[in-house]
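Novice: Input target_1.txt, format and content: compact mmCIF, C-alpha atoms and all ligand atoms.
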```
# COMPACT_ATOMS: atom_id res chain seq x y z
CA MET A 178 0.00 0.00 0.00
CA GLY A 179 2.67 2.50 1.02
CA LEU A 180 2.67 6.23 0.63
CA PHE A 181 -0.91 6.82 -0.39
CA SER A 182 -2.60 4.32 1.90
CA HIS A 183 -4.04 7.15 3.98
CA MET A 184 -5.91 8.31 0.91
CA THR A 185 -7.87 5.10 0.52
CA GLY A 186 -8.88 4.90 4.15
CA PHE A 187 -7.45 1.83 5.91
CA GLY A 188 -7.26 -0.23 2.75
CA GLY A 189 -10.87 0.34 1.75
CA ARG A 190 -11.03 0.53 -2.00
CA ASP A 191 -13.23 3.11 -3.65
CA LEU A 192 -16.54 1.77 -4.89
CA ALA A 193 -19.03 2.65 -7.57
CA VAL A 194 -22.60 1.46 -7.12
CA ASP A 195 -25.18 1.21 -9.88
CA LEU A 196 -28.38 1.36 -7.87
CA GLY A 197 -30.76 0.13 -10.55
CA THR A 198 -34.46 -0.59 -10.25
CA ALA A 199 -33.90 -4.22 -11.30
CA ASN A 200 -30.24 -4.88 -10.48
CA THR A 201 -27.58 -3.40 -8.23
CA LEU A 202 -23.95 -3.67 -9.29
CA VAL A 203 -20.84 -2.77 -7.32
CA TYR A 204 -17.56 -1.87 -8.99
CA MET A 205 -14.36 -1.79 -6.97
CA ARG A 206 -11.55 0.48 -8.07
CA GLY A 207 -8.68 -1.57 -9.44
CA ARG A 208 -10.79 -4.76 -9.44
CA GLY A 209 -13.84 -4.22 -11.64
CA ILE A 210 -17.34 -5.52 -10.94
CA VAL A 211 -17.43 -7.42 -7.66
CA LEU A 212 -21.18 -7.77 -7.13
CA SER A 213 -24.28 -7.98 -9.28
CA GLU A 214 -27.58 -8.88 -7.64
CA PRO A 215 -31.26 -8.12 -8.08
CA SER A 216 -32.48 -5.04 -6.18
CA VAL A 217 -34.80 -7.11 -4.02
CA VAL A 218 -35.21 -7.32 -0.24
CA ALA A 219 -37.25 -9.88 1.69
CA ILE A 220 -38.61 -8.61 4.97
CA ASP A 221 -40.67 -10.05 7.77
CA THR A 222 -43.77 -7.86 7.89
CA ARG A 223 -44.38 -8.66 11.56
CA THR A 224 -41.00 -7.58 12.88
CA GLY A 225 -39.74 -5.44 9.98
CA GLU A 226 -36.60 -7.57 10.03
CA VAL A 227 -34.65 -8.08 6.80
CA HIS A 228 -34.76 -11.73 5.87
CA ALA A 229 -32.71 -11.83 2.67
CA VAL A 230 -31.23 -9.42 0.16
CA GLY A 231 -30.44 -9.70 -3.53
CA ILE A 232 -30.42 -13.06 -5.29
CA ASP A 233 -31.75 -14.91 -2.22
CA ALA A 234 -34.62 -12.46 -1.90
CA LYS A 235 -35.50 -12.55 -5.61
CA ARG A 236 -36.18 -16.28 -5.40
CA MET A 237 -38.89 -15.42 -2.89
CA LEU A 238 -40.72 -12.89 -5.12
CA GLY A 239 -44.31 -14.01 -5.59
CA ARG A 240 -43.83 -17.17 -3.56
CA THR A 241 -43.36 -16.04 0.04
CA PRO A 242 -45.14 -17.50 3.05
CA GLY A 243 -47.56 -15.33 5.05
CA THR A 244 -45.33 -12.97 6.95
CA ILE A 245 -42.38 -12.61 4.60
CA THR A 246 -42.65 -10.18 1.71
CA ALA A 247 -40.09 -9.79 -1.05
CA ILE A 248 -40.07 -6.21 -2.30
CA ARG A 249 -38.24 -4.11 -4.85
CA PRO A 250 -37.50 -0.87 -3.03
CA LEU A 251 -36.88 1.08 -6.26
CA LYS A 252 -39.86 -0.22 -8.11
CA ASP A 253 -40.90 2.47 -10.58
CA GLY A 254 -37.66 4.31 -11.03
CA VAL A 255 -38.14 6.11 -7.77
CA ILE A 256 -37.26 5.04 -4.29
CA ALA A 257 -40.55 3.51 -3.20
CA ASP A 258 -39.24 2.56 0.21
CA PHE A 259 -36.32 4.54 1.48
CA ASP A 260 -35.49 2.58 4.65
CA ILE A 261 -35.31 -0.64 2.73
CA THR A 262 -33.21 0.93 -0.03
CA GLU A 263 -30.81 2.01 2.68
CA GLU A 264 -30.70 -1.48 4.20
CA MET A 265 -30.04 -2.98 0.79
CA LEU A 266 -27.30 -0.51 -0.04
CA ARG A 267 -25.63 -1.12 3.30
CA HIS A 268 -25.85 -4.88 2.81
CA PHE A 269 -24.21 -4.76 -0.64
CA ILE A 270 -21.50 -2.27 0.33
CA GLN A 271 -20.57 -4.28 3.39
CA LYS A 272 -20.65 -7.55 1.47
CA VAL A 273 -17.80 -6.47 -0.82
CA GLN A 274 -15.63 -4.95 1.90
CA GLN A 275 -12.88 -7.14 3.30
CA SER A 276 -12.70 -5.12 6.45
CA ARG A 277 -15.29 -3.58 8.70
CA PHE A 278 -12.93 -0.65 9.11
CA ALA A 279 -12.72 0.15 5.43
CA HIS A 280 -14.02 3.60 4.63
CA PRO A 281 -14.16 3.86 0.86
CA ARG A 282 -15.20 6.75 -1.31
CA VAL A 283 -18.45 5.74 -3.00
CA VAL A 284 -19.92 6.97 -6.26
CA VAL A 285 -23.58 6.00 -6.66
CA CYS A 286 -25.53 6.08 -9.86
CA VAL A 287 -29.24 6.69 -9.39
CA PRO A 288 -32.06 6.90 -11.93
CA SER A 289 -32.40 10.53 -12.98
CA GLY A 290 -36.08 10.60 -11.97
CA VAL A 291 -35.02 10.50 -8.32
CA THR A 292 -35.81 13.70 -6.38
CA GLY A 293 -33.34 15.95 -4.58
CA VAL A 294 -34.47 14.70 -1.20
CA GLU A 295 -34.01 11.10 -2.30
CA LYS A 296 -30.55 11.89 -3.69
CA ARG A 297 -29.44 13.27 -0.35
CA ALA A 298 -30.98 10.25 1.33
CA VAL A 299 -28.93 7.90 -0.88
CA GLU A 300 -25.77 9.81 0.05
CA GLU A 301 -26.72 9.47 3.70
CA ALA A 302 -27.28 5.74 3.25
CA CYS A 303 -23.77 5.35 1.81
CA LEU A 304 -22.26 7.28 4.67
CA SER A 305 -24.14 5.23 7.23
CA ALA A 306 -22.95 2.09 5.42
CA GLY A 307 -19.40 3.18 6.15
CA ALA A 308 -18.46 5.35 3.17
CA ARG A 309 -16.04 8.17 3.86
CA GLU A 310 -17.44 10.30 1.06
CA ALA A 311 -20.40 9.77 -1.26
CA TYR A 312 -21.02 11.25 -4.69
CA LEU A 313 -23.86 10.84 -7.11
CA ILE A 314 -23.55 10.43 -10.84
CA GLU A 315 -26.36 10.73 -13.34
CA GLU A 316 -27.28 7.45 -14.98
CA PRO A 317 -27.00 8.53 -18.65
CA MET A 318 -23.55 9.98 -18.04
CA ALA A 319 -22.37 6.79 -16.36
CA ALA A 320 -23.87 4.68 -19.14
CA ALA A 321 -22.17 6.79 -21.81
CA ILE A 322 -18.77 6.59 -20.12
CA GLY A 323 -19.16 2.84 -19.62
CA ALA A 324 -20.13 2.35 -23.25
CA GLY A 325 -16.96 4.13 -24.31
CA LEU A 326 -18.57 7.25 -25.80
CA PRO A 327 -16.31 10.32 -26.06
CA VAL A 328 -18.26 12.27 -23.41
CA GLY A 329 -15.52 14.87 -22.87
CA GLU A 330 -15.28 15.90 -26.52
CA PRO A 331 -17.18 18.72 -28.23
CA THR A 332 -19.28 16.23 -30.16
CA GLY A 333 -22.79 14.97 -29.55
CA SER A 334 -23.18 11.47 -28.12
CA MET A 335 -26.57 9.91 -27.57
CA VAL A 336 -27.27 7.18 -25.06
CA VAL A 337 -30.54 5.28 -24.54
CA ASP A 338 -30.55 3.28 -21.30
CA ILE A 339 -33.53 0.95 -20.91
CA GLY A 340 -33.58 -0.55 -17.42
CA GLY A 341 -36.25 -2.25 -15.34
CA GLY A 342 -38.21 0.77 -14.12
CA THR A 343 -36.95 3.68 -16.21
CA SER A 344 -35.71 4.45 -19.68
CA GLU A 345 -33.31 7.34 -19.92
CA VAL A 346 -32.35 9.10 -23.11
CA ALA A 347 -29.63 11.75 -23.15
CA VAL A 348 -27.40 13.73 -25.45
CA ILE A 349 -24.00 14.47 -23.99
CA SER A 350 -21.28 16.85 -25.11
CA LEU A 351 -18.22 18.34 -23.39
CA GLY A 352 -18.73 16.32 -20.22
CA GLY A 353 -22.29 17.50 -19.64
CA ILE A 354 -25.85 16.40 -20.39
CA VAL A 355 -27.30 18.77 -22.99
CA VAL A 356 -30.81 17.32 -23.28
CA SER A 357 -32.38 14.35 -21.57
CA GLU A 358 -35.63 12.54 -21.16
CA SER A 359 -36.52 10.04 -18.44
CA ILE A 360 -39.69 7.97 -18.53
CA ARG A 361 -40.99 5.41 -16.08
CA VAL A 362 -41.55 2.89 -18.83
CA ALA A 363 -39.01 0.10 -19.31
CA GLY A 364 -38.53 -3.63 -18.76
CA ASP A 365 -41.16 -4.00 -16.03
CA GLU A 366 -43.79 -2.39 -18.24
CA LEU A 367 -42.88 -4.78 -21.04
CA ASP A 368 -43.46 -7.66 -18.62
CA ASN A 369 -46.82 -6.16 -17.61
CA ALA A 370 -47.80 -5.85 -21.26
CA ILE A 371 -47.26 -9.60 -21.66
CA ILE A 372 -49.32 -10.33 -18.53
CA ASN A 373 -52.15 -8.16 -19.88
CA TYR A 374 -52.00 -9.80 -23.29
CA ALA A 375 -52.32 -13.30 -21.80
CA LYS A 376 -55.21 -12.12 -19.66
CA ARG A 377 -57.01 -10.45 -22.56
CA GLU A 378 -56.45 -13.03 -25.29
CA TYR A 379 -56.36 -16.31 -23.34
CA LYS A 380 -58.09 -15.46 -20.02
CA VAL A 381 -55.05 -16.81 -18.25
CA LEU A 382 -53.14 -15.20 -15.41
CA ILE A 383 -49.34 -15.49 -15.44
CA GLY A 384 -46.81 -14.22 -12.88
CA SER A 385 -44.29 -11.47 -13.57
CA GLN A 386 -41.38 -13.92 -13.55
CA THR A 387 -43.06 -16.00 -16.26
CA ALA A 388 -43.74 -12.85 -18.27
CA GLU A 389 -40.09 -11.81 -18.02
CA GLU A 390 -38.93 -15.26 -19.10
CA LEU A 391 -41.22 -15.07 -22.14
CA LYS A 392 -39.80 -11.65 -23.00
CA LEU A 393 -36.22 -12.93 -22.78
CA GLU A 394 -36.89 -16.14 -24.69
CA ILE A 395 -39.23 -15.17 -27.49
CA GLY A 396 -39.74 -11.41 -27.12
CA SER A 397 -38.74 -9.11 -29.97
CA ALA A 398 -39.05 -5.55 -31.22
CA PHE A 399 -38.65 -6.36 -34.93
CA PRO A 400 -39.76 -9.30 -37.09
CA MET A 401 -37.45 -12.29 -36.60
CA ALA A 402 -35.87 -14.36 -39.33
CA GLU A 403 -37.40 -17.39 -37.69
CA GLU A 404 -40.41 -16.82 -35.45
CA LEU A 405 -40.50 -18.78 -32.18
CA GLN A 406 -43.04 -20.07 -29.73
CA ALA A 407 -43.16 -21.02 -26.07
CA GLU A 408 -45.44 -22.94 -23.78
CA ILE A 409 -46.45 -21.27 -20.54
CA ARG A 410 -48.46 -22.21 -17.50
CA GLY A 411 -50.82 -19.90 -15.71
CA ARG A 412 -54.15 -19.87 -13.96
CA ASP A 413 -57.34 -19.99 -15.99
CA LEU A 414 -59.34 -16.92 -14.99
CA VAL A 415 -62.62 -18.67 -15.69
CA THR A 416 -62.14 -22.08 -14.05
CA GLY A 417 -59.40 -21.09 -11.57
CA LEU A 418 -57.41 -24.16 -12.62
CA PRO A 419 -53.88 -24.34 -14.05
CA LYS A 420 -53.82 -23.94 -17.82
CA THR A 421 -51.14 -24.36 -20.48
CA VAL A 422 -51.00 -21.93 -23.41
CA VAL A 423 -48.69 -21.72 -26.42
CA LEU A 424 -47.63 -18.17 -27.33
CA THR A 425 -45.77 -17.15 -30.49
CA SER A 426 -43.11 -14.48 -30.89
CA GLU A 427 -45.47 -12.56 -33.21
CA GLU A 428 -48.02 -12.39 -30.41
CA ILE A 429 -45.44 -11.19 -27.91
CA ARG A 430 -44.34 -8.52 -30.38
CA ILE A 431 -47.93 -7.29 -30.63
CA ALA A 432 -48.18 -7.33 -26.84
CA LEU A 433 -45.00 -5.26 -26.45
CA ASP A 434 -45.72 -2.74 -29.16
CA ASP A 435 -47.51 0.02 -27.22
CA THR A 436 -44.86 0.05 -24.52
CA LEU A 437 -42.04 0.04 -27.07
CA GLN A 438 -43.70 2.96 -28.84
CA GLN A 439 -43.49 5.00 -25.64
CA ILE A 440 -39.75 4.37 -25.41
CA ILE A 441 -39.29 5.22 -29.09
CA ARG A 442 -41.29 8.41 -28.59
CA ALA A 443 -38.88 9.47 -25.80
CA VAL A 444 -35.96 8.97 -28.19
CA LYS A 445 -37.63 11.02 -30.92
CA LEU A 446 -38.55 13.76 -28.46
CA THR A 447 -34.96 14.01 -27.30
CA LEU A 448 -33.71 14.20 -30.89
CA ASP A 449 -36.25 16.92 -31.53
CA ARG A 450 -34.90 18.99 -28.67
CA THR A 451 -31.23 18.48 -29.59
CA PRO A 452 -29.37 21.54 -30.93
CA PRO A 453 -28.72 21.15 -34.70
CA GLU A 454 -24.91 20.78 -34.52
CA LEU A 455 -25.15 17.98 -32.00
CA ALA A 456 -28.04 16.38 -33.88
CA SER A 457 -25.83 16.23 -36.95
CA ASP A 458 -23.07 14.46 -34.95
CA ILE A 459 -25.65 11.94 -33.77
CA MET A 460 -26.94 11.39 -37.30
CA ASP A 461 -23.40 10.37 -38.23
CA ARG A 462 -22.46 8.32 -35.20
CA GLY A 463 -25.83 7.06 -34.06
CA MET A 464 -27.23 6.23 -30.65
CA MET A 465 -25.82 3.82 -28.10
CA LEU A 466 -28.32 1.43 -26.53
CA ALA A 467 -27.63 0.29 -22.96
CA GLY A 468 -29.41 -1.33 -20.01
CA GLY A 469 -30.93 -4.80 -19.89
CA GLY A 470 -33.86 -3.70 -22.06
CA SER A 471 -31.52 -3.10 -25.01
CA LEU A 472 -31.04 -6.87 -25.17
CA LEU A 473 -34.59 -7.31 -26.39
CA HIS A 474 -34.29 -9.08 -29.71
CA GLY A 475 -34.27 -6.67 -32.68
CA LEU A 476 -34.42 -3.48 -30.63
CA ASP A 477 -31.47 -1.94 -32.49
CA GLU A 478 -33.10 -2.71 -35.81
CA ARG A 479 -36.37 -1.24 -34.63
CA MET A 480 -34.63 1.97 -33.52
CA ARG A 481 -32.88 2.29 -36.89
CA ASP A 482 -36.16 1.71 -38.66
CA GLU A 483 -38.02 4.31 -36.61
CA THR A 484 -35.39 7.07 -36.38
CA HIS A 485 -33.43 6.52 -39.64
CA MET A 486 -30.28 6.75 -37.58
CA PRO A 487 -27.55 4.26 -36.73
CA ALA A 488 -28.11 2.40 -33.45
CA HIS A 489 -25.53 0.28 -31.63
CA ILE A 490 -25.89 -1.93 -28.60
CA ALA A 491 -23.27 -1.33 -25.92
CA GLU A 492 -20.70 -4.08 -25.60
CA SER A 493 -21.97 -4.99 -22.16
CA PRO A 494 -25.39 -3.36 -21.67
CA LEU A 495 -26.03 -4.71 -18.17
CA THR A 496 -22.71 -3.57 -16.72
CA CYS A 497 -21.86 -0.37 -18.56
CA VAL A 498 -23.45 1.92 -15.97
CA ALA A 499 -21.42 0.32 -13.17
CA VAL A 500 -18.26 0.38 -15.28
CA GLY A 501 -18.89 4.01 -16.25
CA SER A 502 -19.51 5.00 -12.63
CA GLY A 503 -16.32 3.15 -11.74
CA ARG A 504 -14.35 4.96 -14.38
CA SER A 505 -15.71 8.24 -13.07
CA LEU A 506 -14.00 7.33 -9.78
CA GLU A 507 -10.73 7.17 -11.65
CA GLU A 508 -11.44 10.20 -13.79
CA PHE A 509 -13.32 12.22 -11.24
CA GLU A 510 -10.81 15.04 -11.37
CA VAL A 511 -10.72 14.99 -15.18
CA ILE A 512 -14.47 15.37 -15.53
CA GLN A 513 -14.55 18.22 -13.05
CA ARG A 514 -11.79 19.94 -15.00
CA ILE A 515 -13.67 19.54 -18.29
CA ASP A 516 -16.77 20.86 -16.63
CA ARG A 517 -15.00 23.92 -15.33
CA ALA A 518 -13.25 24.58 -18.64
CA SER A 519 -16.46 24.39 -20.64
CA ARG A 520 -18.20 26.66 -18.21
CA LYS A 521 -15.40 29.20 -18.59
CA ARG A 522 -15.63 28.93 -22.34
CA ARG A 523 -19.34 29.51 -22.25
CA ARG A 524 -18.92 32.56 -20.08
CA ARG A 525 -16.38 34.08 -22.47
CA ARG A 526 -18.76 33.98 -25.41
P1 LIG B 1 -31.93 -1.35 -13.92
O1 LIG B 1 -30.77 -0.49 -14.31
O2 LIG B 1 -33.22 -0.61 -13.83
O3 LIG B 1 -31.63 -2.14 -12.68
P2 LIG B 1 -31.09 -3.28 -15.92
O4 LIG B 1 -30.30 -2.43 -16.84
O5 LIG B 1 -30.35 -4.16 -14.99
O6 LIG B 1 -32.15 -2.39 -15.09
O7 LIG B 1 -32.09 -4.13 -16.82
C1 LIG B 1 -33.08 -4.93 -16.27
C2 LIG B 1 -34.18 -5.12 -17.27
O8 LIG B 1 -33.64 -5.69 -18.48
C3 LIG B 1 -35.25 -6.10 -16.79
O9 LIG B 1 -36.53 -5.56 -17.07
C4 LIG B 1 -34.99 -7.35 -17.64
O10 LIG B 1 -36.18 -8.07 -17.88
C5 LIG B 1 -34.45 -6.75 -18.90
N1 LIG B 1 -33.64 -7.70 -19.69
C6 LIG B 1 -32.53 -8.36 -19.30
N2 LIG B 1 -32.08 -9.18 -20.27
C7 LIG B 1 -32.95 -9.04 -21.32
C8 LIG B 1 -33.07 -9.63 -22.63
N3 LIG B 1 -32.19 -10.53 -23.06
N4 LIG B 1 -34.11 -9.24 -23.40
C9 LIG B 1 -35.01 -8.35 -22.98
N5 LIG B 1 -34.96 -7.75 -21.76
C10 LIG B 1 -33.95 -8.09 -20.93
MG MG B 2 -29.72 0.95 -14.93
```
Show me, as structure tokens, the structure contained in the file I just sent.
Specialist:
Amino acid sequence: MGLFSHMTGFGGRDLAVDLGTANTLVYMRGRGIVLSEPSVVAIDTRTGEVHAVGIDAKRMLGRTPGTITAIRPLKDGVIADFDITEEMLRHFIQKVQQSRFAHPRVVVCVPSGVTGVEKRAVEEACLSAGAREAYLIEEPMAAAIGAGLPVGEPTGSMVVDIGGGTSEVAVISLGGIVVSESIRVAGDELDNAIINYAKREYKVLIGSQTAEELKLEIGSAFPMAEELQAEIRGRDLVTGLPKTVVLTSEEIRIALDDTLQQIIRAVKLTLDRTPPELASDIMDRGMMLAGGGSLLHGLDERMRDETHMPAHIAESPLTCVAVGSGRSLEEFEVIQRIDRASRKRRRRR
């Protein structure tokens, strides 16, 4: 460790946390991603005691006994339950620390729909989990850095991050967000659309886990070279008995369409509000798709078809926000310098 050990606080390594609505990832400086678990907490409703966190808690979703409830504290892109978010954050931060006495610097990425009060609350949660300092980074910025976009350059970069609870669209130039759009429509809503379709067309009730599996296996945003089908089990709404239904990928595409349109509309709206010079950069270089939702089959093709612009999927859509937040730890000073320089330049004009 040597000379600079005092700067990293008793051997605690700086952390970056992607506090997503579906998944939480922790990046450790010098190590990379050290944790990736669902943002789920199981609590005992009688005592308020936390029963399980992350992967263990997710297994309990929808199948818990009477007094234990598995909840997603960040359900719709906002912090639905602050105390539980704090517990979860503390659990994850402590899980990756080798020492109880480690006091790392922590950068946390939160959905941009989160309010000022909630932002301060997240900082507080990090501090109470043992962080020496806590900083927040905006999700689109972290995603762009993680996807390798040249955020510091005077050129427009567009990032579309489709997560579980929110979709965030932003245009970035010179280290800052120029325009952005955040909607509470993303992966969860796609799952709901499948549930509603099964209810409407087949009078069968399926769980959200089944809906998500269907989306991953046969879901698509653009016609497939070879259409697929899948067999699912749910509860017949008329007889109340278990029922098996076969769904095709065409049907799932129809089911997803309205929700996908809302995400596409957010992209178009952002383009519409982008200053012409930056819009021209984006026309050339295209948009970068990130977040788990970007893995939906044919989404890039659909985006190209709808916007007449190039669209690329990030190399690692599920981890780029955590990686980008992590890199901001390393380049913290650089980004601040860019920010200051561009502000000075603006003032001089
Ligand atoms: P968040 O940042 O909100 O935690 P993530 O970026 O981790 O969200 O993405 C989670 C969402 O991505 C979930 O809704 C999940 O169903 C969806 N997802 C993951 N993989 C795929 C896939 N292959 N196809 C479609 N959706 C996917
Ligand atoms: Mg995310």
Novice: Using 7 Å as the limit and counting all atoms listed in the file, can you tabulate each residue of chain A that touches ligand MG 2 (chain B), with its shortest atom-to-atom distance in Å and the two atoms involved, as CSV?
Specialist:
```
residue,atom,partner,partner_atom,distance
A:Asp195,CA,B:MG2,MG,6.8
A:Gly197,CA,B:MG2,MG,4.6
A:Thr198,CA,B:MG2,MG,6.8
A:Glu316,CA,B:MG2,MG,6.9
A:Asp338,CA,B:MG2,MG,6.8
A:Gly340,CA,B:MG2,MG,4.8
A:Gly468,CA,B:MG2,MG,5.6
A:Val498,CA,B:MG2,MG,6.4
```
Novice: Kindly provide, as a ChimeraX atom specification, all nucleotide and amino acid residues lying within 6 Å of ligand LIG 1 (chain B), counting only C-alpha atoms and all ligand atoms.
Specialist: /A:197-200,340-342,364-365,389,392-393,468-470,472-473,495
Novice: Could you write out that same residue set with C-alpha atoms as an mmCIF file, keeping the file's coordinate frame?
Specialist:
```cif
data_model
loop_
_atom_site.group_PDB
_atom_site.id
_atom_site.type_symbol
_atom_site.label_atom_id
_atom_site.label_comp_id
_atom_site.auth_asym_id
_atom_site.auth_seq_id
_atom_site.Cartn_x
_atom_site.Cartn_y
_atom_site.Cartn_z
ATOM 1 C CA GLY A 197 -30.760 0.130 -10.550
ATOM 2 C CA THR A 198 -34.460 -0.590 -10.250
ATOM 3 C CA ALA A 199 -33.900 -4.220 -11.300
ATOM 4 C CA ASN A 200 -30.240 -4.880 -10.480
ATOM 5 C CA GLY A 340 -33.580 -0.550 -17.420
ATOM 6 C CA GLY A 341 -36.250 -2.250 -15.340
ATOM 7 C CA GLY A 342 -38.210 0.770 -14.120
ATOM 8 C CA GLY A 364 -38.530 -3.630 -18.760
ATOM 9 C CA ASP A 365 -41.160 -4.000 -16.030
ATOM 10 C CA GLU A 389 -40.090 -11.810 -18.020
ATOM 11 C CA LYS A 392 -39.800 -11.650 -23.000
ATOM 12 C CA LEU A 393 -36.220 -12.930 -22.780
ATOM 13 C CA GLY A 468 -29.410 -1.330 -20.010
ATOM 14 C CA GLY A 469 -30.930 -4.800 -19.890
ATOM 15 C CA GLY A 470 -33.860 -3.700 -22.060
ATOM 16 C CA LEU A 472 -31.040 -6.870 -25.170
ATOM 17 C CA LEU A 473 -34.590 -7.310 -26.390
ATOM 18 C CA LEU A 495 -26.030 -4.710 -18.170
#
```
Novice: Expressed in Å to a single decimal, how great is the separation between CA of Gly329 in chain A and CA of Asp477 in chain A?
Specialist: 25.1 Å
Novice: When you look at range 287-289 of chain A with a cut-off of 10 Å (counting all atoms listed in the file), what residues show up, excluding the ones that are within fewer than 4 positions of it in the same chain? I need them as a ChimeraX atom specification.
Specialist: /A:194-198,251,253-256,295-296,299,313-317,319,340,342-345,357-361,498
Novice: From the list A:Pro327, A:Gly411, A:Gly353, A:Gly475, which residue is nearest Gly396 in chain A when using all atoms listed in the file?
Specialist: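 Using all atoms listed in the file, the shortest distance to Gly396 in chain A belongs to A:Gly475.
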Novice: Just the number, please: distance in Å from CA of Leu506 in chain A to CA of Ala298 in chain A, one decimal.
Specialist: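 Here the two named atoms are 20.5 Å from each other.
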Novice: May I have the residues at most 7 Å from (-17.2, 6.8, -7.8) in the file's coordinates, counting all atoms listed in the file, as an mmCIF file with C-alpha atoms, in the frame of the given file?
Specialist:
```cif
data_model
loop_
_atom_site.group_PDB
_atom_site.id
_atom_site.type_symbol
_atom_site.label_atom_id
_atom_site.label_comp_id
_atom_site.auth_asym_id
_atom_site.auth_seq_id
_atom_site.Cartn_x
_atom_site.Cartn_y
_atom_site.Cartn_z
ATOM 1 C CA ASP A 191 -13.230 3.110 -3.650
ATOM 2 C CA LEU A 192 -16.540 1.770 -4.890
ATOM 3 C CA ALA A 193 -19.030 2.650 -7.570
ATOM 4 C CA ARG A 282 -15.200 6.750 -1.310
ATOM 5 C CA VAL A 283 -18.450 5.740 -3.000
ATOM 6 C CA VAL A 284 -19.920 6.970 -6.260
ATOM 7 C CA VAL A 285 -23.580 6.000 -6.660
ATOM 8 C CA TYR A 312 -21.020 11.250 -4.690
ATOM 9 C CA SER A 502 -19.510 5.000 -12.630
ATOM 10 C CA GLY A 503 -16.320 3.150 -11.740
ATOM 11 C CA SER A 505 -15.710 8.240 -13.070
ATOM 12 C CA LEU A 506 -14.000 7.330 -9.780
#
```
Novice: Looking at A:Thr447, A:Thr222, A:Ser457, A:Ser213, which one is nearest to Thr332 in chain A, with distances taken over all atoms listed in the file?
Specialist: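 Closest residue, counting all atoms listed in the file: A:Ser457.
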Novice: Go through A:Glu214, A:Glu366, A:Asp461, A:Glu478 and flag the residue nearest Thr436 in chain A, using only C-alpha atoms for the distances.
Specialist: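 Among the listed residues, A:Glu366 lies closest to Thr436 in chain A.
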Novice: Please return range 493-503 of chain A, rebuilt to N, CA, C and O atoms, as a PDB file, in the frame of the given file.
Specialist:
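Just written: selection25.pdb:
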```
ATOM      1  N   SER A 493     -21.469  -4.263 -23.331  1.00  0.00           N
ATOM      2  CA  SER A 493     -21.970  -4.990 -22.160  1.00  0.00           C
ATOM      3  C   SER A 493     -23.088  -4.169 -21.514  1.00  0.00           C
ATOM      4  O   SER A 493     -22.881  -3.465 -20.535  1.00  0.00           O
ATOM      5  N   PRO A 494     -24.307  -4.268 -22.072  1.00  0.00           N
ATOM      6  CA  PRO A 494     -25.390  -3.360 -21.670  1.00  0.00           C
ATOM      7  C   PRO A 494     -25.759  -3.419 -20.196  1.00  0.00           C
ATOM      8  O   PRO A 494     -26.176  -2.420 -19.628  1.00  0.00           O
ATOM      9  N   LEU A 495     -25.607  -4.584 -19.570  1.00  0.00           N
ATOM     10  CA  LEU A 495     -26.030  -4.710 -18.170  1.00  0.00           C
ATOM     11  C   LEU A 495     -24.986  -4.177 -17.193  1.00  0.00           C
ATOM     12  O   LEU A 495     -25.294  -3.933 -16.033  1.00  0.00           O
ATOM     13  N   THR A 496     -23.743  -4.016 -17.655  1.00  0.00           N
ATOM     14  CA  THR A 496     -22.710  -3.570 -16.720  1.00  0.00           C
ATOM     15  C   THR A 496     -22.153  -2.187 -17.043  1.00  0.00           C
ATOM     16  O   THR A 496     -21.369  -1.659 -16.267  1.00  0.00           O
ATOM     17  N   CYS A 497     -22.570  -1.593 -18.174  1.00  0.00           N
ATOM     18  CA  CYS A 497     -21.860  -0.370 -18.560  1.00  0.00           C
ATOM     19  C   CYS A 497     -22.085   0.803 -17.616  1.00  0.00           C
ATOM     20  O   CYS A 497     -21.207   1.642 -17.472  1.00  0.00           O
ATOM     21  N   VAL A 498     -23.228   0.833 -16.927  1.00  0.00           N
ATOM     22  CA  VAL A 498     -23.450   1.920 -15.970  1.00  0.00           C
ATOM     23  C   VAL A 498     -22.490   1.776 -14.774  1.00  0.00           C
ATOM     24  O   VAL A 498     -21.886   2.752 -14.323  1.00  0.00           O
ATOM     25  N   ALA A 499     -22.334   0.554 -14.298  1.00  0.00           N
ATOM     26  CA  ALA A 499     -21.420   0.320 -13.170  1.00  0.00           C
ATOM     27  C   ALA A 499     -19.978   0.604 -13.590  1.00  0.00           C
ATOM     28  O   ALA A 499     -19.218   1.243 -12.852  1.00  0.00           O
ATOM     29  N   VAL A 500     -19.620   0.152 -14.793  1.00  0.00           N
ATOM     30  CA  VAL A 500     -18.260   0.380 -15.280  1.00  0.00           C
ATOM     31  C   VAL A 500     -18.011   1.880 -15.476  1.00  0.00           C
ATOM     32  O   VAL A 500     -16.966   2.413 -15.092  1.00  0.00           O
ATOM     33  N   GLY A 501     -19.014   2.567 -16.033  1.00  0.00           N
ATOM     34  CA  GLY A 501     -18.890   4.010 -16.250  1.00  0.00           C
ATOM     35  C   GLY A 501     -18.793   4.768 -14.931  1.00  0.00           C
ATOM     36  O   GLY A 501     -18.004   5.699 -14.794  1.00  0.00           O
ATOM     37  N   SER A 502     -19.587   4.363 -13.951  1.00  0.00           N
ATOM     38  CA  SER A 502     -19.510   5.000 -12.630  1.00  0.00           C
ATOM     39  C   SER A 502     -18.126   4.743 -12.042  1.00  0.00           C
ATOM     40  O   SER A 502     -17.529   5.622 -11.424  1.00  0.00           O
ATOM     41  N   GLY A 503     -17.641   3.521 -12.243  1.00  0.00           N
ATOM     42  CA  GLY A 503     -16.320   3.150 -11.740  1.00  0.00           C
ATOM     43  C   GLY A 503     -15.235   3.982 -12.394  1.00  0.00           C
ATOM     44  O   GLY A 503     -14.323   4.467 -11.727  1.00  0.00           O
TER      45      GLY A 503
END
```
